[in-house]
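Data block for query.cif (mmCIF, C-alpha atoms and all ligand atoms):
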data_structure
#
loop_
_atom_site.group_PDB
_atom_site.id
_atom_site.type_symbol
_atom_site.label_atom_id
_atom_site.label_comp_id
_atom_site.auth_asym_id
_atom_site.auth_seq_id
_atom_site.Cartn_x
_atom_site.Cartn_y
_atom_site.Cartn_z
ATOM 1 C CA MET E 1 -78.900 25.520 -135.105
ATOM 2 C CA ASP E 2 -75.706 25.264 -137.053
ATOM 3 C CA ASN E 3 -75.176 22.888 -139.884
ATOM 4 C CA SER E 4 -73.163 19.881 -138.858
ATOM 5 C CA PRO E 5 -70.472 19.130 -141.440
ATOM 6 C CA THR E 6 -70.194 15.467 -140.442
ATOM 7 C CA ASP E 7 -72.011 14.151 -143.484
ATOM 8 C CA THR E 8 -70.240 16.386 -145.984
ATOM 9 C CA PRO E 9 -67.947 14.307 -148.167
ATOM 10 C CA PRO E 10 -64.330 15.520 -148.213
ATOM 11 C CA PRO E 11 -63.333 17.468 -151.308
ATOM 12 C CA LEU E 12 -61.675 15.423 -154.008
ATOM 13 C CA LYS E 13 -57.982 15.383 -153.384
ATOM 14 C CA ARG E 14 -55.763 16.216 -156.274
ATOM 15 C CA ASN E 15 -52.456 14.510 -156.698
ATOM 16 C CA SER E 16 -50.780 17.836 -156.100
ATOM 17 C CA ASN E 17 -51.861 17.675 -152.457
ATOM 18 C CA ASP E 18 -50.121 14.359 -152.047
ATOM 19 C CA VAL E 19 -47.649 14.089 -149.205
ATOM 20 C CA GLY E 20 -45.163 12.706 -151.707
ATOM 21 C CA TRP E 21 -44.692 16.159 -153.185
ATOM 22 C CA GLU E 22 -43.165 17.285 -149.910
ATOM 23 C CA TYR E 23 -40.246 15.093 -150.800
ATOM 24 C CA GLY E 24 -40.144 15.102 -154.565
ATOM 25 C CA VAL E 25 -40.378 17.378 -157.561
ATOM 26 C CA LEU E 26 -41.259 16.759 -161.175
ATOM 27 C CA CYS E 27 -38.247 16.417 -163.434
ATOM 28 C CA ASP E 28 -40.306 17.370 -166.440
ATOM 29 C CA ALA E 29 -43.364 19.606 -166.154
ATOM 30 C CA ARG E 30 -44.917 17.833 -169.140
ATOM 31 C CA SER E 31 -44.734 14.441 -167.483
ATOM 32 C CA LEU E 32 -46.152 13.464 -164.106
ATOM 33 C CA ASP E 33 -44.194 10.260 -164.286
ATOM 34 C CA LYS E 34 -40.618 11.470 -163.902
ATOM 35 C CA VAL E 35 -39.901 12.602 -160.370
ATOM 36 C CA LYS E 36 -36.805 13.597 -158.449
ATOM 37 C CA CYS E 37 -36.231 13.112 -154.740
ATOM 38 C CA LYS E 38 -35.558 16.398 -152.985
ATOM 39 C CA LEU E 39 -33.658 14.643 -150.236
ATOM 40 C CA CYS E 40 -31.131 12.542 -152.130
ATOM 41 C CA GLY E 41 -31.523 13.827 -155.680
ATOM 42 C CA LYS E 42 -32.366 10.455 -157.186
ATOM 43 C CA GLU E 43 -34.514 10.540 -160.307
ATOM 44 C CA PHE E 44 -36.936 7.832 -161.258
ATOM 45 C CA SER E 45 -40.213 7.259 -163.064
ATOM 46 C CA GLY E 46 -43.457 6.162 -161.444
ATOM 47 C CA GLY E 47 -44.799 9.459 -160.189
ATOM 48 C CA VAL E 48 -45.552 10.574 -156.673
ATOM 49 C CA PHE E 49 -46.669 7.112 -155.584
ATOM 50 C CA ARG E 50 -43.216 5.731 -156.339
ATOM 51 C CA MET E 51 -41.759 8.722 -154.540
ATOM 52 C CA LYS E 52 -43.573 7.761 -151.350
ATOM 53 C CA GLU E 53 -42.315 4.195 -151.680
ATOM 54 C CA HIS E 54 -38.802 5.568 -152.093
ATOM 55 C CA ILE E 55 -39.053 7.754 -148.985
ATOM 56 C CA ALA E 56 -40.898 5.105 -146.961
ATOM 57 C CA HIS E 57 -38.362 2.376 -147.826
ATOM 58 C CA LEU E 58 -41.139 0.213 -149.259
ATOM 59 C CA LYS E 59 -38.971 -1.946 -151.438
ATOM 60 C CA GLY E 60 -39.941 -3.775 -154.563
ATOM 61 C CA ASN E 61 -40.358 -1.081 -157.156
ATOM 62 C CA VAL E 62 -37.767 1.486 -156.234
ATOM 63 C CA SER E 63 -34.633 1.749 -154.129
ATOM 64 C CA ALA E 64 -34.977 3.179 -150.638
ATOM 65 C CA CYS E 65 -34.037 6.763 -149.989
ATOM 66 C CA PRO E 66 -30.735 6.841 -148.096
ATOM 67 C CA VAL E 67 -31.510 10.238 -146.560
ATOM 68 C CA SER E 68 -35.137 10.067 -145.399
ATOM 69 C CA SER E 69 -35.577 10.182 -141.634
ATOM 70 C CA LYS E 70 -37.593 7.716 -139.627
ATOM 71 C CA GLU E 71 -40.324 10.355 -139.404
ATOM 72 C CA ASP E 72 -40.390 10.811 -143.181
ATOM 73 C CA GLN E 73 -40.539 7.068 -143.672
ATOM 74 C CA GLU E 74 -43.506 6.671 -141.332
ATOM 75 C CA LYS E 75 -45.349 9.568 -142.910
ATOM 76 C CA CYS E 76 -45.017 8.208 -146.427
ATOM 77 C CA LYS E 77 -45.677 4.636 -145.379
ATOM 78 C CA LYS E 78 -48.919 5.780 -143.798
ATOM 79 C CA ALA E 79 -49.890 7.677 -146.936
ATOM 80 C CA VAL E 80 -49.268 4.624 -149.115
ATOM 81 C CA LEU E 81 -51.238 2.341 -146.804
ATOM 82 C CA GLU E 82 -54.078 4.837 -146.492
ATOM 83 C CA GLY E 83 -54.303 5.018 -150.266
ATOM 84 C CA LYS E 84 -54.698 1.259 -150.414
ATOM 85 C CA ASN E 85 -57.288 1.231 -147.610
ATOM 86 C CA LYS E 86 -59.305 3.964 -149.255
ATOM 87 C CA LYS E 87 -59.773 1.804 -152.344
ATOM 88 C CA ASN E 88 -60.963 -1.114 -150.220
ATOM 89 C CA LEU E 89 -63.249 1.094 -148.133
ATOM 90 C CA LYS E 90 -64.882 2.524 -151.234
ATOM 91 C CA ARG E 91 -65.685 -0.915 -152.529
ATOM 92 C CA LYS E 92 -67.053 -1.994 -149.129
ATOM 93 C CA HIS E 93 -69.131 1.167 -148.906
ATOM 94 C CA GLU E 94 -70.694 0.497 -152.286
ATOM 95 C CA GLU E 95 -71.527 -3.042 -151.258
ATOM 96 C CA ALA E 96 -73.048 -1.775 -148.019
ATOM 97 C CA LEU E 97 -75.175 0.718 -149.910
ATOM 98 C CA ARG E 98 -76.486 -1.996 -152.143
ATOM 99 C CA ALA E 99 -77.267 -4.211 -149.148
ATOM 100 C CA GLU E 100 -79.027 -1.343 -147.443
ATOM 101 C CA VAL E 101 -81.286 -0.821 -150.448
ATOM 102 C CA ASN E 102 -82.285 -4.462 -150.383
ATOM 103 C CA ILE E 103 -83.000 -4.304 -146.658
ATOM 104 C CA SER E 104 -85.071 -1.139 -146.844
ATOM 105 C CA VAL E 105 -87.165 -2.625 -149.616
ATOM 106 C CA THR E 106 -87.969 -5.570 -147.410
ATOM 107 C CA TYR E 107 -88.402 -3.940 -144.012
ATOM 108 C CA LYS E 108 -88.860 -0.200 -144.556
ATOM 109 C CA ILE E 109 -87.147 0.508 -141.232
ATOM 110 C CA PHE E 110 -84.569 2.917 -142.645
HETATM 111 ZN ZN ZN A 201 -34.350 10.025 -151.903
#

Give the structure from the file, written as structure tokens.
Ligand SMILES: [Zn+2]
Amino acid sequence: MDNSPTDTPPPLKRNSNDVGWEYGVLCDARSLDKVKCKLCGKEFSGGVFRMKEHIAHLKGNVSACPVSSKEDQEKCKKAVLEGKNKKNLKRKHEEALRAEVNISVTYKIF
């Protein structure tokens, strides 16, 4: 029997693995806030999250990248949305765990 990895939690992702770094670089190694777009050369503050918004043309905080391709935009948009969903999922999961504890105390089925 081999060990199924399905229940193994994914390793904690560092910011350095972020898809945004495919498109941006740090302007200043001492600051994670100042980033520069590799595609158009624009510099702005806000870190890799802002970089993804720039590439994905998610307006509001930063101007859209004039060079990013449709593919780049979709990729970064997905990453931004997934980041938001992950936060919601975590909260839901914690609530579910708490509910499960209450249920198991009552019914002892689990
Ligand atoms: Zn750009």

* To do: Check which residues fall inside 12 Å of ligand ZN 201 (chain A) when counting all atoms listed in the file, and print them as a PyMOL selection string.
  => chain E and resi 20+22-25+35-44+50-57+62-69+72-73

* To do: Considering all atoms listed in the file, state which residue in the set E:Asp18, E:Lys34, E:Ala29, E:Ala96 is at the smallest distance from Cys76 in chain E.
  =>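 Distance minimum relative to Cys76 in chain E lands on E:Asp18.
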
* Between CA of Leu81 in chain E and CA of Leu26 in chain E - distance in Å to one decimal ->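 Interatomic distance here is 22.7 Å.
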
Padding of 3 Å on every side, edges along x, y and z, all listed atoms of range 62-70 of chain E included: what centre and edge lengths in Å, to one decimal, does that box have, as AutoDock Vina command-line options?
--center_x -34.3 --center_y 5.9 --center_z -147.9 --size_x 13.0 --size_y 14.8 --size_z 22.6

* For CA of Leu58 in chain E and CA of Lys77 in chain E, determine how far apart the two atoms are, in Å to one decimal place. =>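 Separating CA of Leu58 in chain E from CA of Lys77 in chain E is a distance of 7.4 Å.
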
* How many Å lie between CA of Lys87 in chain E and CA of Ser45 in chain E, rounded to one decimal? ->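 CA of Ser45 in chain E lies 23.0 Å from CA of Lys87 in chain E.
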